[in-house]
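Participant: Here you go, entry_26.txt (compact mmCIF, C-alpha atoms):
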# COMPACT_ATOMS: atom_id res chain seq x y z
CA MET K 1 23.55 -24.79 50.90
CA PRO K 2 24.49 -28.50 50.99
CA GLN K 3 27.95 -29.89 51.69
CA ILE K 4 29.52 -33.13 50.53
CA THR K 5 32.82 -34.71 51.54
CA VAL K 6 35.20 -35.89 48.83
CA GLY K 7 38.67 -37.18 49.65
CA GLY K 8 38.32 -36.00 53.22
CA ILE K 9 37.50 -32.39 52.20
CA GLY K 10 34.07 -30.83 52.60
CA PHE K 11 32.75 -29.01 49.53
CA ARG K 12 29.88 -26.55 49.32
CA TYR K 13 27.87 -27.22 46.18
CA LEU K 14 24.62 -26.37 44.42
CA LEU K 15 22.87 -28.85 42.13
CA GLU K 16 19.92 -27.48 40.17
CA GLY K 17 17.75 -28.39 37.21
CA PRO K 18 15.65 -31.30 36.00
CA GLU K 19 16.78 -34.79 36.91
CA GLY K 20 17.67 -36.77 33.82
CA ALA K 21 18.80 -33.69 31.88
CA PRO K 22 22.43 -33.54 30.69
CA ALA K 23 24.68 -32.32 33.49
CA VAL K 24 26.88 -29.22 33.33
CA ALA K 25 29.57 -28.83 35.99
CA PHE K 26 31.08 -25.38 36.64
CA SER K 27 34.51 -24.78 38.20
CA ASN K 28 35.30 -21.28 39.40
CA SER K 29 38.18 -18.85 39.20
CA LEU K 30 40.91 -18.42 41.80
CA GLY K 31 39.50 -16.14 44.51
CA ALA K 32 35.87 -16.59 43.42
CA THR K 33 32.98 -18.73 44.62
CA LEU K 34 30.16 -20.62 42.94
CA GLU K 35 28.12 -17.39 42.91
CA MET K 36 30.31 -16.12 40.07
CA TRP K 37 28.06 -18.15 37.74
CA ASP K 38 24.77 -16.65 39.02
CA ALA K 39 24.10 -14.49 35.98
CA LEU K 40 25.08 -17.18 33.47
CA VAL K 41 23.24 -20.26 34.77
CA PRO K 42 19.75 -18.95 33.85
CA ALA K 43 20.70 -19.38 30.16
CA LEU K 44 20.68 -23.14 30.77
CA THR K 45 17.52 -23.31 32.91
CA GLY K 46 15.16 -26.10 31.93
CA ARG K 47 17.62 -27.72 29.51
CA TYR K 48 20.45 -28.83 31.79
CA ARG K 49 21.16 -29.97 35.33
CA THR K 50 23.83 -27.64 36.66
CA LEU K 51 26.43 -28.36 39.34
CA ARG K 52 28.35 -25.52 40.92
CA TYR K 53 30.82 -25.85 43.78
CA ASP K 54 33.43 -23.88 45.67
CA THR K 55 37.00 -24.91 44.90
CA ARG K 56 38.80 -26.23 47.99
CA GLY K 57 39.91 -23.32 50.17
CA HIS K 58 37.28 -21.00 48.70
CA GLY K 59 33.83 -19.94 49.90
CA GLY K 60 32.20 -22.66 51.96
CA SER K 61 34.61 -25.45 50.97
CA GLU K 62 37.29 -26.60 53.37
CA THR K 63 40.98 -25.78 53.19
CA ARG K 64 43.81 -28.28 53.44
CA ASP K 65 46.99 -26.26 53.85
CA GLN K 66 49.44 -28.41 51.94
CA PRO K 67 50.93 -28.22 48.43
CA ILE K 68 48.64 -29.39 45.63
CA THR K 69 48.62 -29.56 41.85
CA VAL K 70 45.92 -28.84 39.30
CA THR K 71 45.62 -32.63 39.01
CA ASP K 72 44.44 -32.67 42.63
CA LEU K 73 41.78 -30.07 41.81
CA ALA K 74 40.68 -32.19 38.84
CA GLY K 75 40.39 -35.11 41.25
CA ASP K 76 38.12 -33.01 43.45
CA LEU K 77 35.78 -32.36 40.52
CA ALA K 78 35.82 -36.01 39.43
CA GLY K 79 35.07 -37.06 43.00
CA LEU K 80 32.15 -34.65 43.21
CA LEU K 81 30.66 -35.96 39.97
CA ASP K 82 30.94 -39.54 41.17
CA ALA K 83 29.66 -38.82 44.68
CA LEU K 84 26.59 -37.07 43.28
CA GLY K 85 25.89 -39.89 40.84
CA ILE K 86 26.55 -37.73 37.78
CA GLY K 87 29.57 -39.45 36.27
CA ARG K 88 29.67 -37.67 32.89
CA ALA K 89 29.07 -33.96 32.43
CA HIS K 90 29.72 -31.00 30.22
CA LEU K 91 32.68 -29.42 32.04
CA VAL K 92 32.89 -25.63 32.23
CA GLY K 93 35.70 -23.74 33.93
CA LEU K 94 37.07 -20.22 34.05
CA SER K 95 40.71 -19.36 34.83
CA LEU K 96 41.74 -21.84 37.56
CA GLY K 97 38.50 -23.67 36.82
CA GLY K 98 39.50 -23.92 33.16
CA MET K 99 42.82 -25.42 34.22
CA THR K 100 40.93 -27.91 36.38
CA VAL K 101 38.73 -28.86 33.41
CA GLN K 102 41.76 -29.30 31.12
CA ALA K 103 43.38 -31.60 33.66
CA LEU K 104 40.24 -33.69 34.15
CA ALA K 105 39.23 -33.89 30.47
CA SER K 106 42.74 -35.02 29.50
CA ALA K 107 43.34 -37.51 32.32
CA GLU K 108 39.82 -38.94 32.64
CA PRO K 109 38.03 -38.33 29.34
CA GLU K 110 35.16 -40.58 30.40
CA HIS K 111 33.96 -37.74 32.66
CA ALA K 112 33.73 -35.15 29.85
CA LEU K 113 30.79 -34.85 27.50
CA SER K 114 32.40 -31.59 26.40
CA ALA K 115 34.80 -28.98 27.75
CA THR K 116 34.36 -25.22 27.85
CA LEU K 117 37.51 -23.33 28.80
CA MET K 118 37.04 -19.66 29.62
CA ALA K 119 39.76 -17.07 30.20
CA THR K 120 42.35 -19.69 30.99
CA ALA K 121 45.75 -21.09 30.01
CA ALA K 122 47.63 -24.35 29.83
CA HIS K 123 50.75 -22.77 31.35
CA MET K 124 51.12 -19.63 33.50
CA PRO K 125 54.71 -18.49 34.07
CA SER K 126 56.42 -17.70 36.26
CA PRO K 127 56.41 -19.87 39.41
CA GLN K 128 58.16 -17.10 41.32
CA SER K 129 55.36 -14.61 40.70
CA TRP K 130 52.80 -17.08 42.08
CA GLU K 131 54.99 -17.80 45.08
CA GLU K 132 55.24 -14.08 45.77
CA ARG K 133 51.47 -13.61 45.51
CA ALA K 134 50.88 -16.55 47.84
CA ALA K 135 53.33 -15.11 50.38
CA THR K 136 51.66 -11.69 50.23
CA VAL K 137 48.22 -13.16 50.84
CA ARG K 138 49.40 -15.35 53.69
CA ALA K 139 50.98 -12.33 55.38
CA GLN K 140 48.42 -9.64 54.64
CA GLY K 141 45.19 -11.36 53.59
CA LEU K 142 43.25 -11.07 50.34
CA ALA K 143 42.64 -7.35 50.88
CA ALA K 144 46.27 -6.76 49.89
CA VAL K 145 45.65 -7.92 46.31
CA VAL K 146 41.95 -7.28 45.75
CA GLU K 147 42.16 -3.96 43.88
CA ALA K 148 44.88 -5.17 41.51
CA THR K 149 42.88 -8.34 40.90
CA LEU K 150 39.64 -6.52 40.13
CA GLY K 151 41.57 -4.29 37.75
CA ARG K 152 42.49 -7.39 35.73
CA TRP K 153 39.11 -9.07 36.08
CA PHE K 154 36.88 -6.33 34.64
CA THR K 155 37.04 -3.55 32.09
CA PRO K 156 36.70 -0.01 33.52
CA GLY K 157 33.33 0.38 31.85
CA PHE K 158 31.82 -2.58 33.70
CA ALA K 159 32.75 -1.14 37.08
CA GLN K 160 30.78 1.97 36.16
CA ARG K 161 27.80 0.06 34.76
CA ASP K 162 27.37 -2.44 37.56
CA PRO K 163 29.06 -1.36 40.80
CA ALA K 164 26.86 -3.73 42.82
CA ALA K 165 28.26 -6.75 40.98
CA ILE K 166 31.80 -5.50 41.56
CA GLN K 167 31.11 -5.03 45.25
CA ALA K 168 29.69 -8.55 45.64
CA ILE K 169 32.74 -10.04 43.91
CA ARG K 170 35.05 -7.92 46.09
CA GLU K 171 33.38 -9.08 49.31
CA ARG K 172 33.61 -12.77 48.39
CA PHE K 173 37.21 -12.35 47.28
CA VAL K 174 38.46 -10.76 50.52
CA ALA K 175 36.54 -13.38 52.53
CA CYS K 176 38.50 -16.19 50.84
CA ASP K 177 40.74 -18.18 53.17
CA PRO K 178 44.34 -16.92 52.68
CA ALA K 179 45.81 -20.42 53.00
CA GLY K 180 43.32 -21.84 50.51
CA TYR K 181 44.10 -19.09 48.02
CA ALA K 182 47.85 -19.49 48.52
CA VAL K 183 47.72 -23.25 48.00
CA CYS K 184 45.91 -22.75 44.70
CA CYS K 185 48.49 -20.13 43.65
CA GLY K 186 51.09 -22.85 44.11
CA ALA K 187 49.10 -25.22 41.92
CA ILE K 188 49.01 -22.66 39.10
CA GLY K 189 52.70 -21.85 39.47
CA CYS K 190 53.79 -25.45 38.93
CA MET K 191 51.26 -26.22 36.19
CA ASP K 192 52.12 -27.14 32.62
CA LEU K 193 49.18 -28.79 30.86
CA ARG K 194 50.48 -28.26 27.33
CA PRO K 195 51.67 -31.87 26.88
CA ALA K 196 48.22 -33.12 27.97
CA LEU K 197 46.11 -31.08 25.55
CA SER K 198 46.20 -33.69 22.79
CA ALA K 199 44.53 -36.17 25.16
CA ILE K 200 41.37 -34.04 25.29
CA THR K 201 39.03 -35.73 22.84
CA ALA K 202 35.72 -34.13 23.86
CA PRO K 203 34.28 -31.24 21.84
CA THR K 204 35.88 -28.12 23.28
CA LEU K 205 34.92 -24.45 23.26
CA VAL K 206 37.63 -21.96 24.27
CA ILE K 207 36.47 -18.43 25.14
CA ALA K 208 38.89 -15.54 25.61
CA GLY K 209 38.27 -11.93 26.54
CA ARG K 210 39.82 -9.56 24.03
CA ASP K 211 40.74 -7.19 26.88
CA ASP K 212 41.98 -9.84 29.32
CA PRO K 213 45.46 -9.00 30.65
CA SER K 214 45.71 -12.18 32.75
CA THR K 215 45.03 -14.84 30.12
CA PRO K 216 45.05 -12.98 26.79
CA PRO K 217 43.76 -14.49 23.54
CA ALA K 218 47.22 -15.83 22.64
CA MET K 219 46.94 -18.27 25.54
CA ALA K 220 43.54 -19.43 24.26
CA GLU K 221 45.02 -19.91 20.80
CA GLU K 222 47.75 -22.10 22.29
CA ILE K 223 45.10 -24.29 23.92
CA CYS K 224 43.12 -24.59 20.69
CA ALA K 225 46.22 -25.58 18.76
CA GLY K 226 46.67 -28.57 21.05
CA ILE K 227 43.10 -29.92 21.04
CA ALA K 228 41.72 -31.67 17.97
CA GLN K 229 38.07 -30.67 18.45
CA ALA K 230 38.54 -27.12 19.76
CA GLU K 231 36.89 -23.95 18.57
CA LEU K 232 37.86 -20.45 19.68
CA LEU K 233 35.69 -17.47 20.53
CA VAL K 234 37.29 -14.11 21.33
CA LEU K 235 34.76 -11.92 23.09
CA PRO K 236 35.01 -8.13 22.70
CA ARG K 237 34.54 -5.76 25.65
CA ALA K 238 35.52 -8.49 28.10
CA ALA K 239 38.41 -8.85 30.52
CA HIS K 240 39.19 -11.87 32.71
CA LEU K 241 35.97 -12.62 34.59
CA LEU K 242 34.00 -12.65 31.35
CA ALA K 243 31.28 -14.97 32.70
CA VAL K 244 30.29 -12.10 35.00
CA GLU K 245 31.00 -9.09 32.80
CA ARG K 246 29.44 -10.57 29.63
CA ALA K 247 27.13 -13.13 31.25
CA GLU K 248 24.31 -12.79 28.71
CA ALA K 249 26.56 -13.19 25.68
CA VAL K 250 28.62 -16.00 27.22
CA GLY K 251 25.45 -17.80 28.31
CA GLY K 252 24.08 -17.69 24.79
CA TYR K 253 27.27 -19.01 23.22
CA LEU K 254 27.58 -21.69 25.90
CA ARG K 255 23.98 -22.85 25.45
CA ALA K 256 24.40 -23.17 21.69
CA PHE K 257 27.64 -25.09 22.09
CA LEU K 258 26.18 -27.45 24.71
CA ASP K 259 23.10 -28.08 22.56
CA ARG K 260 25.34 -29.12 19.66
CA ALA K 261 27.58 -31.25 21.86
CA SER K 262 24.58 -32.95 23.48
CA ARG K 263 23.07 -33.83 20.10
CA ASP K 264 26.38 -35.31 18.94
CA ALA K 265 27.14 -37.23 22.14
Would you write the structure of this file as structure tokens?
Facilitator:
Amino acid sequence: MPQITVGGIGFRYLLEGPEGAPAVAFSNSLGATLEMWDALVPALTGRYRTLRYDTRGHGGSETRDQPITVTDLAGDLAGLLDALGIGRAHLVGLSLGGMTVQALASAEPEHALSATLMATAAHMPSPQSWEERAATVRAQGLAAVVEATLGRWFTPGFAQRDPAAIQAIRERFVACDPAGYAVCCGAIGCMDLRPALSAITAPTLVIAGRDDPSTPPAMAEEICAGIAQAELLVLPRAAHLLAVERAEAVGGYLRAFLDRASRDA
């Protein structure tokens, strides 16, 4: 899989789809890799050019073990778009990726044809809890938090229906670089994007999982209240990693939203 260097950091990425089609850029969850979108991307095949990448410190992307903010992660995405000659794209992010998209769409609206914010928040208290998680991972590795994380990411029924998908997610999670994960925990802990929401002018779709204990629907409602062109979808039978657990449904909603946003652009 190709690599590209942005701001001195090497990123693993995957660019697929017809040249000249509208671009869709995906930003992944904390502890996940670009493969988390595997089951969703086929819904856009033939209509869109899709860009997936590993967040710094995740998967095949490099780690820089120093404090960062979500604004830095937004800069990574903007740099990738520019380096690949894309410029403007429909921005799609889940959890940490949704925070990255909020930061980019508010600070550099020229990059956003639209924004889709899945299972995410504009503010995630408390900083201490994120510091504690980062310290645990640095000391013990990702295996120390994987079972608790998967318990928040998926409903119990999904683990029974698709154990192979759970196992693949687990393996990529524990393989994540502890320093890279910890640095991103710090970015979430110090984040407060609520004052920036009103600067997002692109059409925005916010998707929440009804059964998500990490970023419950109330957090999605808070985001929608701050964005002029936001619409909210609360998905039943879905926890945090809803793009995996409900990939077919999410893909259908996303495709319809992107088709509307592309026509209106």
Participant: When you count all atoms listed in the file, which of these residues is closest to Arg133 in chain K: K:Gln102, K:Thr120, K:Thr149, K:Gln167?
Facilitator: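 Result for the nearest residue to Arg133 in chain K: K:Thr149.
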Participant: I'd like the contact shell of Val234 in chain K - 10 Å cut-off, all atoms listed in the file, skipping same-chain residues fewer than 4 positions apart - returned as an mmCIF file with C-alpha atoms, in the coordinates of the input.
Facilitator:
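Printed below is result.cif as written:
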data_model
loop_
_atom_site.group_PDB
_atom_site.id
_atom_site.type_symbol
_atom_site.label_atom_id
_atom_site.label_comp_id
_atom_site.auth_asym_id
_atom_site.auth_seq_id
_atom_site.Cartn_x
_atom_site.Cartn_y
_atom_site.Cartn_z
ATOM 1 C CA MET K 118 37.040 -19.660 29.620
ATOM 2 C CA ALA K 119 39.760 -17.070 30.200
ATOM 3 C CA VAL K 206 37.630 -21.960 24.270
ATOM 4 C CA ILE K 207 36.470 -18.430 25.140
ATOM 5 C CA ALA K 208 38.890 -15.540 25.610
ATOM 6 C CA GLY K 209 38.270 -11.930 26.540
ATOM 7 C CA ARG K 210 39.820 -9.560 24.030
ATOM 8 C CA ASP K 211 40.740 -7.190 26.880
ATOM 9 C CA PRO K 216 45.050 -12.980 26.790
ATOM 10 C CA PRO K 217 43.760 -14.490 23.540
ATOM 11 C CA ALA K 220 43.540 -19.430 24.260
ATOM 12 C CA GLU K 221 45.020 -19.910 20.800
ATOM 13 C CA ALA K 238 35.520 -8.490 28.100
#
Participant: Taking into account all atoms listed in the file, which residue in the set K:Leu40, K:Ile4, K:Leu233, K:Leu91 is nearest to Ala105 in chain K?
Facilitator: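 Once distances to Ala105 in chain K are computed over all atoms listed in the file, the minimum belongs to K:Leu91.
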Participant: Quick one: everything within 10 Å of Cys224 in chain K, counting all atoms listed in the file, minus sequence neighbours fewer than 2 positions away in the same chain. Send it as a ChimeraX atom specification.
Facilitator: /K:117,197-198,204-206,218-222,226-232
Participant: Skip range 247-254 of chain K itself and residues of its chain fewer than 5 positions away, then list as a list of chain:residue names all residues within 9 Å of it, counting all atoms listed in the file.
Facilitator: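 Surrounding residues, per the criterion: K:Trp37, K:Asp38, K:Ala39, K:Leu40, K:Val41, K:Pro42, K:Ala43, K:Leu44, K:Thr116, K:Leu205, K:Ile207, K:Leu233, K:Leu235, K:Leu242, K:Asp259.
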Participant: Can you pull out every residue within 10 Å of Gly59 in chain K, counting all atoms listed in the file, but drop anything in the same chain fewer than 5 positions away, and send it as a list of chain:residue names?
Facilitator: K:Phe11, K:Arg12, K:Gly31, K:Ala32, K:Thr33, K:Leu34, K:Glu35, K:Tyr53, K:Asp54, K:Arg172, K:Phe173, K:Ala175, K:Cys176, K:Asp177, K:Gly180
Participant: What would range 47-69 of chain K look like if you wrote it out as a short mmCIF file (atom, residue, chain, number, x, y, z; two decimals), in the first residue's frame, with N, CA, C and O atoms included, from the block I just posted?
Facilitator:
data_model
loop_
_atom_site.label_atom_id
_atom_site.label_comp_id
_atom_site.auth_asym_id
_atom_site.auth_seq_id
_atom_site.Cartn_x
_atom_site.Cartn_y
_atom_site.Cartn_z
N ARG K 47 -19.10 5.82 -8.10
CA ARG K 47 -19.64 7.18 -8.02
C ARG K 47 -18.61 8.17 -7.50
O ARG K 47 -18.66 9.34 -7.84
N TYR K 48 -17.72 7.69 -6.63
CA TYR K 48 -16.81 8.59 -5.91
C TYR K 48 -15.39 8.04 -5.93
O TYR K 48 -15.17 6.84 -6.08
N ARG K 49 -14.44 8.95 -5.75
CA ARG K 49 -13.04 8.59 -5.58
C ARG K 49 -12.74 8.66 -4.09
O ARG K 49 -12.87 9.73 -3.48
N THR K 50 -12.40 7.54 -3.49
CA THR K 50 -12.29 7.47 -2.05
C THR K 50 -10.83 7.48 -1.59
O THR K 50 -9.98 6.80 -2.16
N LEU K 51 -10.57 8.26 -0.56
CA LEU K 51 -9.26 8.32 0.08
C LEU K 51 -9.40 7.83 1.51
O LEU K 51 -10.19 8.37 2.28
N ARG K 52 -8.62 6.81 1.83
CA ARG K 52 -8.53 6.34 3.21
C ARG K 52 -7.07 6.42 3.64
O ARG K 52 -6.17 6.25 2.82
N TYR K 53 -6.85 6.66 4.92
CA TYR K 53 -5.48 6.74 5.42
C TYR K 53 -5.45 6.36 6.88
O TYR K 53 -6.46 6.43 7.58
N ASP K 54 -4.28 5.96 7.35
CA ASP K 54 -4.09 5.69 8.77
C ASP K 54 -3.70 6.98 9.47
O ASP K 54 -2.73 7.65 9.07
N THR K 55 -4.42 7.32 10.52
CA THR K 55 -4.05 8.45 11.37
C THR K 55 -2.61 8.28 11.85
O THR K 55 -2.15 7.15 12.05
N ARG K 56 -1.90 9.38 12.02
CA ARG K 56 -0.53 9.27 12.54
C ARG K 56 -0.49 8.40 13.81
O ARG K 56 -1.35 8.49 14.67
N GLY K 57 0.53 7.54 13.89
CA GLY K 57 0.65 6.65 15.03
C GLY K 57 -0.21 5.41 14.97
O GLY K 57 -0.23 4.61 15.91
N HIS K 58 -0.93 5.21 13.88
CA HIS K 58 -1.81 4.06 13.71
C HIS K 58 -1.44 3.30 12.44
O HIS K 58 -0.99 3.90 11.45
N GLY K 59 -1.65 1.99 12.45
CA GLY K 59 -1.44 1.18 11.26
C GLY K 59 -0.06 1.38 10.67
O GLY K 59 0.96 1.25 11.33
N GLY K 60 -0.04 1.73 9.38
CA GLY K 60 1.23 1.91 8.68
C GLY K 60 1.72 3.34 8.65
O GLY K 60 2.70 3.63 7.95
N SER K 61 1.07 4.25 9.37
CA SER K 61 1.53 5.64 9.42
C SER K 61 2.50 5.83 10.58
O SER K 61 2.44 5.13 11.58
N GLU K 62 3.39 6.77 10.42
CA GLU K 62 4.46 6.97 11.39
C GLU K 62 3.95 7.66 12.65
O GLU K 62 2.95 8.36 12.65
N THR K 63 4.70 7.46 13.73
CA THR K 63 4.42 8.08 15.01
C THR K 63 5.43 9.19 15.27
O THR K 63 6.62 9.03 14.99
N ARG K 64 4.95 10.29 15.80
CA ARG K 64 5.82 11.33 16.34
C ARG K 64 5.40 11.52 17.79
O ARG K 64 4.33 12.02 18.07
N ASP K 65 6.25 11.07 18.71
CA ASP K 65 5.88 11.02 20.11
C ASP K 65 6.07 12.38 20.78
O ASP K 65 7.04 12.63 21.50
N GLN K 66 5.12 13.25 20.51
CA GLN K 66 5.10 14.57 21.12
C GLN K 66 3.65 15.03 21.19
O GLN K 66 2.81 14.57 20.42
N PRO K 67 3.32 15.93 22.14
CA PRO K 67 1.93 16.35 22.28
C PRO K 67 1.38 16.99 21.00
O PRO K 67 2.08 17.74 20.32
N ILE K 68 0.13 16.65 20.70
CA ILE K 68 -0.54 17.23 19.54
C ILE K 68 -1.95 17.63 19.94
O ILE K 68 -2.43 17.30 21.02
N THR K 69 -2.62 18.33 19.03
CA THR K 69 -4.02 18.69 19.18
C THR K 69 -4.81 18.13 18.00
O THR K 69 -4.23 17.66 17.01
#
